[in-house]
Amino acid sequence: MKTDDLLNMLGSDRVAEPLPGAVLWRLLLPAALFSFAAMAVGLGVRFPLSQTLLSPEVLPKLVLPLLLGILAAPLALRLAQPLARARLAWLWIIPMLGFGLLVFAYLTTPSQARMMEFTGKTILPCLVSIPALSVPLLAAFLVALRRGAVMAPMRAGLIAGLAAGGLGTAIYALHCTEDSPLFYVTWYGAGIAITAGLGALIGRSVLRW
């Protein structure tokens with residue numbers, strides 16, 4: 001039997017154990033609730049949300065990472081199937097939107113205020129909190145992916161890290177008081193990148209057959 005035929009047979013085999021998707025959705029909600037509770041208790045939720053996250057300039061700091069998590073999650077699950085080819089083109093939409101927002105903010109912010117809005121006051125808390133809040137979500141993804149047959153463990157871990165980082169960042173956005181796109185596009189992106197790198201490193205070990 002050829003290797004490809006064997007992998008196709010394994011991919012179509014119906015086993016008694018739950019499939020990766022079922023495991024993920026069972027674990028992801030508790031993980032998200034845990035991260036939200038940790039943020040609310042440890043950092044605090046920013047109130048009133050109606051006057052912050054609903055403004056056109058500020059809303060993207062919640063919506064963009066949330067969309068990244070929503071788009072990356074099914075791609076990560078797809079990589080749990082033998083011979084699966086996940087199309088990553090859709091993920092580039094989020095960085096492109098973020099870059100466009102960053103350019104717009106740069107052009108519309110007075111030159112004397114750009115550096116202050118870029119650095120803000122919470123770079124370190126942002127870079128620490130986003131990966132920390134994303135870890136429970138990343139764990140849920142990795143546990144789910146282990147139920148499948150991942151052929152590219154590092155890549156699968158990277159996509160899982162992007163999904164977890166996006167969702168964790170959306171949770172952090174409910175606390176963050178930095179409203180300039182110059183800040184949140186840059187440093188949220190860095191926090192997500194750290195989480196994606198962590199996912200790739202862990203995935204290389206724990207998702208290997």
# chains A, B, ... in the order shown; residues from 1 in each chain; ligands from 1

call {"tool": "select_by_dssp", "arguments": {"residues": "segment 90-181 of chain A", "states": "alpha helix (DSSP H)", "output": "MDAnalysis selection string"}}
result
chainID A and resid 93:108 111:119 123:145 153:173 181

call {"tool": "residues_around", "arguments": {"residues": "Leu33 of chain A", "least_positions_apart": "2", "cutoff": "12 Å", "atoms": "only C-alpha atoms", "output": "ChimeraX atom specification"}}
result
/A:27-31,35-40,133-134,136-137,167-168,171

call {"tool": "atom_distance", "arguments": {"atom1": "atom CA of Leu127 of chain A", "atom2": "atom CA of Pro48 of chain A"}}
result
24.0 Å

call {"tool": "closest_atom_pairs", "arguments": {"of": "segment 51-120 of chain A", "to": "segment 195-204 of chain A", "cutoff": "12 Å", "atoms": "only C-alpha atoms", "output": "CSV"}}
result
residue,atom,partner,partner_atom,distance
A:Leu68,CA,A:Ala196,CA,11.9
A:Gly69,CA,A:Ala196,CA,11.5
A:Ala72,CA,A:Ala196,CA,11.1
A:Ala76,CA,A:Gly199,CA,11.1
A:Leu79,CA,A:Gly203,CA,11.8
A:Ala80,CA,A:Gly203,CA,11.7

call {"tool": "closest_residue", "arguments": {"among": "A:Pro56, A:Pro131, A:Pro74, A:Pro153", "to": "Pro181 of chain A", "atoms": "only C-alpha atoms"}}
result
A:Pro56

call {"tool": "residues_around", "arguments": {"residues": "Val23 of chain A", "least_positions_apart": "5", "cutoff": "10 Å", "atoms": "only C-alpha atoms", "output": "PyMOL selection string"}}
result
chain A and resi 17-18+28+140-141+143-147

call {"tool": "atom_distance", "arguments": {"atom1": "atom CA of Thr169 of chain A", "atom2": "atom CA of Ile130 of chain A"}}
result
5.5 Å

call {"tool": "atom_distance", "arguments": {"atom1": "atom CA of Val185 of chain A", "atom2": "atom CA of Pro95 of chain A"}}
result
8.9 Å

call {"tool": "residues_around", "arguments": {"residues": "Cys176 of chain A", "least_positions_apart": "2", "cutoff": "12 Å", "atoms": "only C-alpha atoms", "output": "PyMOL selection string"}}
result
chain A and resi 39-40+43-47+49+52-53+58-59+61-62+120-123+125-127+129-130+169-174+178-180+183-184+187-188

call {"tool": "write_last_selection", "arguments": {"atoms": "N, CA and C atoms", "output": "mmCIF file, in the first residue's frame"}}
result
data_model
loop_
_atom_site.group_PDB
_atom_site.id
_atom_site.type_symbol
_atom_site.label_atom_id
_atom_site.label_comp_id
_atom_site.auth_asym_id
_atom_site.auth_seq_id
_atom_site.Cartn_x
_atom_site.Cartn_y
_atom_site.Cartn_z
ATOM 1 N N MET A 39 -8.302 38.086 33.325
ATOM 2 C CA MET A 39 -8.151 39.487 32.940
ATOM 3 C C MET A 39 -8.984 40.391 33.834
ATOM 4 N N ALA A 40 -10.236 40.000 34.068
ATOM 5 C CA ALA A 40 -11.141 40.832 34.856
ATOM 6 C C ALA A 40 -10.653 40.998 36.291
ATOM 7 N N LEU A 43 -6.529 42.420 35.959
ATOM 8 C CA LEU A 43 -6.303 43.702 35.289
ATOM 9 C C LEU A 43 -7.498 44.642 35.393
ATOM 10 N N GLY A 44 -8.693 44.075 35.299
ATOM 11 C CA GLY A 44 -9.910 44.871 35.348
ATOM 12 C C GLY A 44 -10.464 45.160 33.964
ATOM 13 N N VAL A 45 -11.780 45.140 33.868
ATOM 14 C CA VAL A 45 -12.461 45.448 32.616
ATOM 15 C C VAL A 45 -12.650 46.957 32.521
ATOM 16 N N ARG A 46 -12.422 47.489 31.337
ATOM 17 C CA ARG A 46 -12.558 48.927 31.117
ATOM 18 C C ARG A 46 -14.025 49.290 30.941
ATOM 19 N N PHE A 47 -14.501 50.191 31.752
ATOM 20 C CA PHE A 47 -15.880 50.667 31.661
ATOM 21 C C PHE A 47 -15.873 52.186 31.447
ATOM 22 N N LEU A 49 -17.863 50.345 28.379
ATOM 23 C CA LEU A 49 -17.469 49.830 27.077
ATOM 24 C C LEU A 49 -18.156 50.581 25.936
ATOM 25 N N THR A 52 -16.054 53.361 24.620
ATOM 26 C CA THR A 52 -14.680 53.066 24.207
ATOM 27 C C THR A 52 -14.672 52.155 22.983
ATOM 28 N N LEU A 53 -15.085 50.919 23.164
ATOM 29 C CA LEU A 53 -14.966 49.946 22.089
ATOM 30 C C LEU A 53 -15.946 50.184 20.950
ATOM 31 N N VAL A 58 -11.604 52.976 17.869
ATOM 32 C CA VAL A 58 -11.178 52.041 18.907
ATOM 33 C C VAL A 58 -11.703 50.629 18.657
ATOM 34 N N LEU A 59 -12.863 50.510 18.048
ATOM 35 C CA LEU A 59 -13.477 49.208 17.836
ATOM 36 C C LEU A 59 -12.558 48.197 17.136
ATOM 37 N N LYS A 61 -9.565 47.473 17.570
ATOM 38 C CA LYS A 61 -8.627 46.770 18.452
ATOM 39 C C LYS A 61 -9.273 45.546 19.095
ATOM 40 N N LEU A 62 -10.595 45.474 19.093
ATOM 41 C CA LEU A 62 -11.303 44.273 19.505
ATOM 42 C C LEU A 62 -11.648 43.398 18.304
ATOM 43 N N GLY A 120 2.843 54.779 24.015
ATOM 44 C CA GLY A 120 1.826 54.666 25.054
ATOM 45 C C GLY A 120 2.448 54.586 26.434
ATOM 46 N N LYS A 121 1.749 53.890 27.330
ATOM 47 C CA LYS A 121 2.244 53.717 28.704
ATOM 48 C C LYS A 121 2.244 52.258 29.144
ATOM 49 N N THR A 122 1.819 51.367 28.246
ATOM 50 C CA THR A 122 1.615 49.981 28.702
ATOM 51 C C THR A 122 2.208 48.953 27.736
ATOM 52 N N ILE A 123 3.362 49.245 27.144
ATOM 53 C CA ILE A 123 3.954 48.286 26.213
ATOM 54 C C ILE A 123 4.250 46.970 26.907
ATOM 55 N N PRO A 125 3.157 45.655 29.915
ATOM 56 C CA PRO A 125 1.959 44.890 30.288
ATOM 57 C C PRO A 125 1.251 44.262 29.094
ATOM 58 N N CYS A 126 1.236 44.966 27.974
ATOM 59 C CA CYS A 126 0.596 44.443 26.767
ATOM 60 C C CYS A 126 1.324 43.197 26.270
ATOM 61 N N LEU A 127 2.650 43.269 26.172
ATOM 62 C CA LEU A 127 3.431 42.155 25.633
ATOM 63 C C LEU A 127 3.463 40.950 26.577
ATOM 64 N N SER A 129 0.772 40.403 28.936
ATOM 65 C CA SER A 129 -0.607 39.962 29.171
ATOM 66 C C SER A 129 -1.188 39.193 27.994
ATOM 67 N N ILE A 130 -0.912 39.628 26.771
ATOM 68 C CA ILE A 130 -1.509 38.956 25.615
ATOM 69 C C ILE A 130 -1.075 37.498 25.527
ATOM 70 N N THR A 169 -5.967 38.313 22.543
ATOM 71 C CA THR A 169 -5.837 39.758 22.373
ATOM 72 C C THR A 169 -7.192 40.443 22.438
ATOM 73 N N ALA A 170 -8.210 39.818 21.874
ATOM 74 C CA ALA A 170 -9.560 40.387 21.961
ATOM 75 C C ALA A 170 -10.009 40.489 23.415
ATOM 76 N N ILE A 171 -9.639 39.496 24.217
ATOM 77 C CA ILE A 171 -9.965 39.555 25.646
ATOM 78 C C ILE A 171 -9.200 40.695 26.313
ATOM 79 N N TYR A 172 -7.926 40.822 25.988
ATOM 80 C CA TYR A 172 -7.115 41.898 26.582
ATOM 81 C C TYR A 172 -7.643 43.276 26.182
ATOM 82 N N ALA A 173 -8.195 43.388 24.976
ATOM 83 C CA ALA A 173 -8.705 44.676 24.502
ATOM 84 C C ALA A 173 -9.828 45.206 25.388
ATOM 85 N N LEU A 174 -10.514 44.320 26.099
ATOM 86 C CA LEU A 174 -11.585 44.763 26.999
ATOM 87 C C LEU A 174 -11.036 45.457 28.235
ATOM 88 N N GLU A 178 -5.246 51.972 25.843
ATOM 89 C CA GLU A 178 -4.501 52.604 24.750
ATOM 90 C C GLU A 178 -5.367 52.563 23.498
ATOM 91 N N ASP A 179 -5.812 53.729 23.048
ATOM 92 C CA ASP A 179 -6.806 53.776 21.978
ATOM 93 C C ASP A 179 -6.245 54.157 20.610
ATOM 94 N N SER A 180 -4.979 54.471 20.523
ATOM 95 C CA SER A 180 -4.416 54.854 19.236
ATOM 96 C C SER A 180 -4.033 53.621 18.429
ATOM 97 N N PHE A 183 -0.519 52.494 18.587
ATOM 98 C CA PHE A 183 -0.122 51.605 19.686
ATOM 99 C C PHE A 183 -0.652 50.201 19.482
ATOM 100 N N TYR A 184 -1.975 50.060 19.367
ATOM 101 C CA TYR A 184 -2.518 48.709 19.453
ATOM 102 C C TYR A 184 -2.259 47.864 18.219
ATOM 103 N N TRP A 187 1.643 46.828 18.935
ATOM 104 C CA TRP A 187 1.982 46.007 20.095
ATOM 105 C C TRP A 187 1.036 44.830 20.272
ATOM 106 N N TYR A 188 -0.204 44.969 19.851
ATOM 107 C CA TYR A 188 -1.064 43.789 19.802
ATOM 108 C C TYR A 188 -0.494 42.784 18.801
#

call {"tool": "residues_around", "arguments": {"residues": "Trp209 of chain A", "least_positions_apart": "5", "cutoff": "10 Å", "atoms": "only C-alpha atoms", "output": "number ranges by chain"}}
result
A: 146, 148-153

call {"tool": "write_last_selection", "arguments": {"atoms": "all heavy atoms", "output": "mmCIF file, in the first residue's frame"}}
result
data_model
loop_
_atom_site.group_PDB
_atom_site.id
_atom_site.type_symbol
_atom_site.label_atom_id
_atom_site.label_comp_id
_atom_site.auth_asym_id
_atom_site.auth_seq_id
_atom_site.Cartn_x
_atom_site.Cartn_y
_atom_site.Cartn_z
ATOM 1 N N ARG A 146 -3.864 17.218 18.861
ATOM 2 C CA ARG A 146 -3.241 15.929 19.157
ATOM 3 C C ARG A 146 -4.186 14.767 18.875
ATOM 4 O O ARG A 146 -3.746 13.622 18.733
ATOM 5 C CB ARG A 146 -2.784 15.876 20.619
ATOM 6 C CG ARG A 146 -1.448 16.554 20.855
ATOM 7 C CD ARG A 146 -1.049 16.478 22.321
ATOM 8 N NE ARG A 146 -0.955 15.102 22.778
ATOM 9 C CZ ARG A 146 0.128 14.330 22.637
ATOM 10 N NH1 ARG A 146 1.205 14.815 22.041
ATOM 11 N NH2 ARG A 146 0.134 13.101 23.105
ATOM 12 N N GLY A 148 -5.796 14.505 16.176
ATOM 13 C CA GLY A 148 -5.749 14.277 14.744
ATOM 14 C C GLY A 148 -4.415 13.687 14.317
ATOM 15 O O GLY A 148 -3.675 13.125 15.120
ATOM 16 N N ALA A 149 -4.122 13.816 13.036
ATOM 17 C CA ALA A 149 -2.873 13.303 12.462
ATOM 18 C C ALA A 149 -2.173 14.472 11.789
ATOM 19 O O ALA A 149 -2.288 14.677 10.575
ATOM 20 C CB ALA A 149 -3.159 12.180 11.473
ATOM 21 N N VAL A 150 -1.464 15.243 12.569
ATOM 22 C CA VAL A 150 -0.812 16.454 12.075
ATOM 23 C C VAL A 150 0.457 16.072 11.306
ATOM 24 O O VAL A 150 1.345 15.415 11.842
ATOM 25 C CB VAL A 150 -0.458 17.398 13.243
ATOM 26 C CG1 VAL A 150 0.288 18.618 12.731
ATOM 27 C CG2 VAL A 150 -1.734 17.829 13.971
ATOM 28 N N MET A 151 0.530 16.500 10.064
ATOM 29 C CA MET A 151 1.694 16.199 9.229
ATOM 30 C C MET A 151 2.775 17.280 9.339
ATOM 31 O O MET A 151 3.943 17.018 9.065
ATOM 32 C CB MET A 151 1.253 16.077 7.764
ATOM 33 C CG MET A 151 0.256 14.953 7.503
ATOM 34 S SD MET A 151 0.996 13.332 7.722
ATOM 35 C CE MET A 151 2.165 13.308 6.363
ATOM 36 N N ALA A 152 2.387 18.489 9.687
ATOM 37 C CA ALA A 152 3.339 19.598 9.822
ATOM 38 C C ALA A 152 3.157 20.206 11.205
ATOM 39 O O ALA A 152 2.468 21.228 11.353
ATOM 40 C CB ALA A 152 3.113 20.635 8.727
ATOM 41 N N PRO A 153 3.742 19.607 12.235
ATOM 42 C CA PRO A 153 3.469 20.031 13.611
ATOM 43 C C PRO A 153 3.841 21.474 13.910
ATOM 44 O O PRO A 153 3.125 22.169 14.625
ATOM 45 C CB PRO A 153 4.295 19.053 14.461
ATOM 46 C CG PRO A 153 5.263 18.425 13.546
ATOM 47 C CD PRO A 153 4.634 18.432 12.193
#

call {"tool": "closest_residue", "arguments": {"among": "A:Val41, A:Leu162, A:Ala22, A:Ala32", "to": "Leu91 of chain A", "atoms": "only C-alpha atoms"}}
result
A:Leu162

call {"tool": "closest_residue", "arguments": {"among": "A:Pro82, A:Gly166, A:Thr177, A:Met154", "to": "Arg208 of chain A", "atoms": "only C-alpha atoms"}}
result
A:Met154

call {"tool": "closest_residue", "arguments": {"among": "A:Gly42, A:Ala160, A:Leu64, A:Ala89", "to": "His175 of chain A", "atoms": "only C-alpha atoms"}}
result
A:Gly42
